[in-house]
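Engineer: If you scroll down you'll find the structure; I have some questions about it.
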Amino acid sequence: QVQLVESGGGLVEAGGSLRLSCAGSGSLFSMNRMGWYRQAPGKQRELVALITNSGSTNYADSVKGRFTISRDNTRKMVYLQMDRLNAEDTGVYYCNCRTYVEKIDYWGHGTQVTVSS
């Protein structure tokens with residue numbers, strides 16, 4: 001069982017920055033693929049960024065060059081640095097873990113990000 005707890009959301013003006021954090025658990029944390037997804041009002045949940053156990057990253061086209069995903073396996077943490085935010089970035093951001101062995105997805109409860117234009 002993996003537990004994920006997000007933090008760091010809030011209200012920010014367009015052009016500003018936020019840093020989201022996700023605290024994970026489990027003895028195999030470093031082996032798991034971690035990611036951030038978001039869901040805007042009235043829309044489906046979408047991928048924002050992924051980071052593999054080797055540190056390779058993948059981003060949605062809409063956030064490339066503005067967002068950076070990183071992980072600290074020692075602390076079992078995943079981060080999402082979000083810069084040059086715009087109103088389209090508004091939504092609930094969810095931390096995701098796909099376990100290395102079972103390939104099971106776990107989700108946090110989400111943290112709200114609101115960007116005012």
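In the structure tokens, chains take letters A, B, ... by order of appearance, with residues numbered from 1 within each chain and ligands from 1 in the order shown.
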Name all residues at most 8 Å from Gln81 (chain A) (count only C-alpha atoms; drop same-chain ones fewer than 3 positions away) and give them as a PyMOL selection string.

Structural biologist: chain A and resi 17-20+67-69

Engineer: How close does each residue of region 24-66 of chain A get to region 89-110 of chain A, giving the shortest atom pair and distance in Å to one decimal for every residue with an atom at most 7 Å away, counting only C-alpha atoms, sorted by chain and residue number, as a Markdown table?

Structural biologist:
```
| residue | atom | partner | partner_atom | distance |
| --- | --- | --- | --- | --- |
| A:Met31 | CA | A:Tyr100 | CA | 5.7 |
| A:Asn32 | CA | A:Tyr100 | CA | 4.8 |
| A:Arg33 | CA | A:Arg98 | CA | 5.2 |
| A:Met34 | CA | A:Cys97 | CA | 4.6 |
| A:Gly35 | CA | A:Asn96 | CA | 4.9 |
| A:Trp36 | CA | A:Cys95 | CA | 4.8 |
| A:Tyr37 | CA | A:Tyr94 | CA | 5.1 |
| A:Arg38 | CA | A:Tyr93 | CA | 4.3 |
| A:Gln39 | CA | A:Gly91 | CA | 5.2 |
| A:Ala40 | CA | A:Gly91 | CA | 4.2 |
| A:Pro41 | CA | A:Gly91 | CA | 6.7 |
```

Engineer: Next, dump the selected residues to file, keeping only all heavy atoms, as a CSV table (one decimal), in the first residue's frame.

Structural biologist:
```csv
chain,number,residue,atom,x,y,z
A,31,MET,N,11.9,3.0,-6.6
A,31,MET,CA,11.7,2.2,-7.8
A,31,MET,C,10.5,2.6,-8.6
A,31,MET,O,10.3,2.2,-9.7
A,31,MET,CB,11.7,0.7,-7.4
A,31,MET,CG,12.9,0.2,-6.8
A,31,MET,SD,14.4,0.3,-7.8
A,31,MET,CE,13.9,-0.8,-9.2
A,32,ASN,N,9.6,3.3,-7.9
A,32,ASN,CA,8.3,3.6,-8.5
A,32,ASN,C,8.4,4.8,-9.5
A,32,ASN,O,9.1,5.7,-9.2
A,32,ASN,CB,7.3,3.9,-7.4
A,32,ASN,CG,7.0,2.7,-6.5
A,32,ASN,OD1,7.2,1.5,-7.0
A,32,ASN,ND2,6.7,2.9,-5.3
A,33,ARG,N,7.5,4.7,-10.5
A,33,ARG,CA,7.3,5.9,-11.3
A,33,ARG,C,6.4,6.9,-10.7
A,33,ARG,O,5.4,6.5,-10.2
A,33,ARG,CB,6.8,5.5,-12.7
A,33,ARG,CG,6.8,6.6,-13.7
A,33,ARG,CD,5.9,6.3,-14.9
A,33,ARG,NE,4.5,6.4,-14.6
A,33,ARG,CZ,3.5,6.2,-15.5
A,33,ARG,NH1,3.8,5.7,-16.7
A,33,ARG,NH2,2.3,6.3,-15.1
A,34,MET,N,6.8,8.1,-10.6
A,34,MET,CA,5.9,9.1,-9.9
A,34,MET,C,5.5,10.2,-11.0
A,34,MET,O,6.1,10.4,-12.0
A,34,MET,CB,6.7,9.8,-8.9
A,34,MET,CG,7.3,8.9,-7.8
A,34,MET,SD,6.0,8.0,-6.9
A,34,MET,CE,5.1,9.4,-6.1
A,35,GLY,N,4.4,10.8,-10.7
A,35,GLY,CA,3.8,11.8,-11.6
A,35,GLY,C,2.9,12.8,-11.0
A,35,GLY,O,2.4,12.6,-9.8
A,36,TRP,N,2.6,13.8,-11.7
A,36,TRP,CA,1.6,14.8,-11.4
A,36,TRP,C,0.6,14.9,-12.5
A,36,TRP,O,0.9,14.9,-13.7
A,36,TRP,CB,2.2,16.2,-11.2
A,36,TRP,CG,3.0,16.3,-9.9
A,36,TRP,CD1,4.4,16.1,-9.8
A,36,TRP,CD2,2.6,16.6,-8.6
A,36,TRP,NE1,4.8,16.3,-8.5
A,36,TRP,CE2,3.7,16.7,-7.8
A,36,TRP,CE3,1.3,16.9,-8.1
A,36,TRP,CZ2,3.6,16.9,-6.4
A,36,TRP,CZ3,1.2,17.2,-6.8
A,36,TRP,CH2,2.3,17.2,-5.9
A,37,TYR,N,-0.7,14.9,-12.1
A,37,TYR,CA,-1.8,15.0,-13.0
A,37,TYR,C,-2.7,16.2,-12.5
A,37,TYR,O,-2.5,16.6,-11.3
A,37,TYR,CB,-2.7,13.8,-13.0
A,37,TYR,CG,-2.0,12.6,-13.7
A,37,TYR,CD1,-1.0,11.9,-13.1
A,37,TYR,CD2,-2.5,12.1,-15.0
A,37,TYR,CE1,-0.4,10.8,-13.8
A,37,TYR,CE2,-1.9,11.0,-15.6
A,37,TYR,CZ,-0.9,10.4,-15.0
A,37,TYR,OH,-0.3,9.3,-15.6
A,38,ARG,N,-3.5,16.7,-13.3
A,38,ARG,CA,-4.4,17.8,-12.9
A,38,ARG,C,-5.8,17.6,-13.5
A,38,ARG,O,-5.9,17.0,-14.6
A,38,ARG,CB,-3.8,19.2,-13.2
A,38,ARG,CG,-3.7,19.5,-14.7
A,38,ARG,CD,-3.0,20.8,-15.0
A,38,ARG,NE,-2.9,21.1,-16.4
A,38,ARG,CZ,-2.2,22.1,-16.9
A,38,ARG,NH1,-1.5,22.9,-16.0
A,38,ARG,NH2,-2.2,22.3,-18.2
A,39,GLN,N,-6.7,18.2,-12.9
A,39,GLN,CA,-8.1,18.2,-13.4
A,39,GLN,C,-8.7,19.6,-13.2
A,39,GLN,O,-8.9,20.0,-12.1
A,39,GLN,CB,-8.9,17.1,-12.7
A,39,GLN,CG,-10.3,16.9,-13.3
A,39,GLN,CD,-11.0,15.7,-12.7
A,39,GLN,OE1,-10.6,15.1,-11.7
A,39,GLN,NE2,-12.0,15.2,-13.5
A,40,ALA,N,-9.0,20.2,-14.3
A,40,ALA,CA,-9.7,21.5,-14.3
A,40,ALA,C,-11.2,21.3,-14.3
A,40,ALA,O,-11.7,20.2,-14.6
A,40,ALA,CB,-9.3,22.2,-15.6
A,41,PRO,N,-11.9,22.3,-13.8
A,41,PRO,CA,-13.4,22.1,-13.7
A,41,PRO,C,-14.0,21.8,-15.0
A,41,PRO,O,-13.8,22.4,-16.0
A,41,PRO,CB,-13.8,23.5,-13.2
A,41,PRO,CG,-12.6,24.1,-12.6
A,41,PRO,CD,-11.4,23.5,-13.3
```

Engineer: Counting only C-alpha atoms, figure out which residue out of A:Arg84, A:Gly9, A:Leu47, A:Ser117 gets nearest to Arg66 (chain A).

Structural biologist: A:Arg84

Engineer: Out of A:Cys22, A:Val48, A:Leu80, A:Leu28, which residue has the shortest atom-to-atom distance to Leu4 (chain A) when counting only C-alpha atoms?

Structural biologist: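 For Leu4 (chain A), the nearest of the given residues is A:Cys22.
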
Engineer: Taking the backbone alone, and naming residues the way the document does, which bits of chain A are helix (DSSP H, G or I) by DSSP, as an mmCIF file with N, CA, C and O atoms, in the first residue's frame?

Structural biologist:
```cif
data_model
loop_
_atom_site.group_PDB
_atom_site.id
_atom_site.type_symbol
_atom_site.label_atom_id
_atom_site.label_comp_id
_atom_site.auth_asym_id
_atom_site.auth_seq_id
_atom_site.Cartn_x
_atom_site.Cartn_y
_atom_site.Cartn_z
ATOM 1 N N PHE A 29 9.857 2.983 -2.740
ATOM 2 C CA PHE A 29 9.532 4.291 -3.319
ATOM 3 C C PHE A 29 10.476 4.644 -4.461
ATOM 4 O O PHE A 29 10.044 5.112 -5.511
ATOM 5 N N SER A 30 11.755 4.419 -4.266
ATOM 6 C CA SER A 30 12.734 4.837 -5.270
ATOM 7 C C SER A 30 12.573 4.090 -6.599
ATOM 8 O O SER A 30 13.063 4.551 -7.631
ATOM 9 N N MET A 31 11.901 2.955 -6.567
ATOM 10 C CA MET A 31 11.735 2.164 -7.781
ATOM 11 C C MET A 31 10.483 2.553 -8.556
ATOM 12 O O MET A 31 10.307 2.160 -9.712
ATOM 13 N N ASP A 61 2.777 18.954 -23.293
ATOM 14 C CA ASP A 61 3.246 20.058 -24.140
ATOM 15 C C ASP A 61 2.900 21.412 -23.532
ATOM 16 O O ASP A 61 3.662 22.374 -23.659
ATOM 17 N N SER A 62 1.770 21.484 -22.868
ATOM 18 C CA SER A 62 1.294 22.762 -22.346
ATOM 19 C C SER A 62 2.137 23.302 -21.191
ATOM 20 O O SER A 62 2.046 24.486 -20.859
ATOM 21 N N VAL A 63 2.969 22.446 -20.584
ATOM 22 C CA VAL A 63 3.758 22.908 -19.435
ATOM 23 C C VAL A 63 5.255 22.844 -19.690
ATOM 24 O O VAL A 63 6.042 23.275 -18.843
ATOM 25 N N ALA A 87 -3.864 31.148 -16.316
ATOM 26 C CA ALA A 87 -5.195 30.757 -15.858
ATOM 27 C C ALA A 87 -5.531 29.324 -16.271
ATOM 28 O O ALA A 87 -6.278 28.638 -15.553
ATOM 29 N N GLU A 88 -4.973 28.865 -17.383
ATOM 30 C CA GLU A 88 -5.248 27.500 -17.851
ATOM 31 C C GLU A 88 -4.600 26.433 -16.965
ATOM 32 O O GLU A 88 -4.887 25.246 -17.108
ATOM 33 N N ASP A 89 -3.734 26.842 -16.069
ATOM 34 C CA ASP A 89 -3.110 25.905 -15.136
ATOM 35 C C ASP A 89 -3.973 25.661 -13.902
ATOM 36 O O ASP A 89 -3.618 24.835 -13.052
#
```
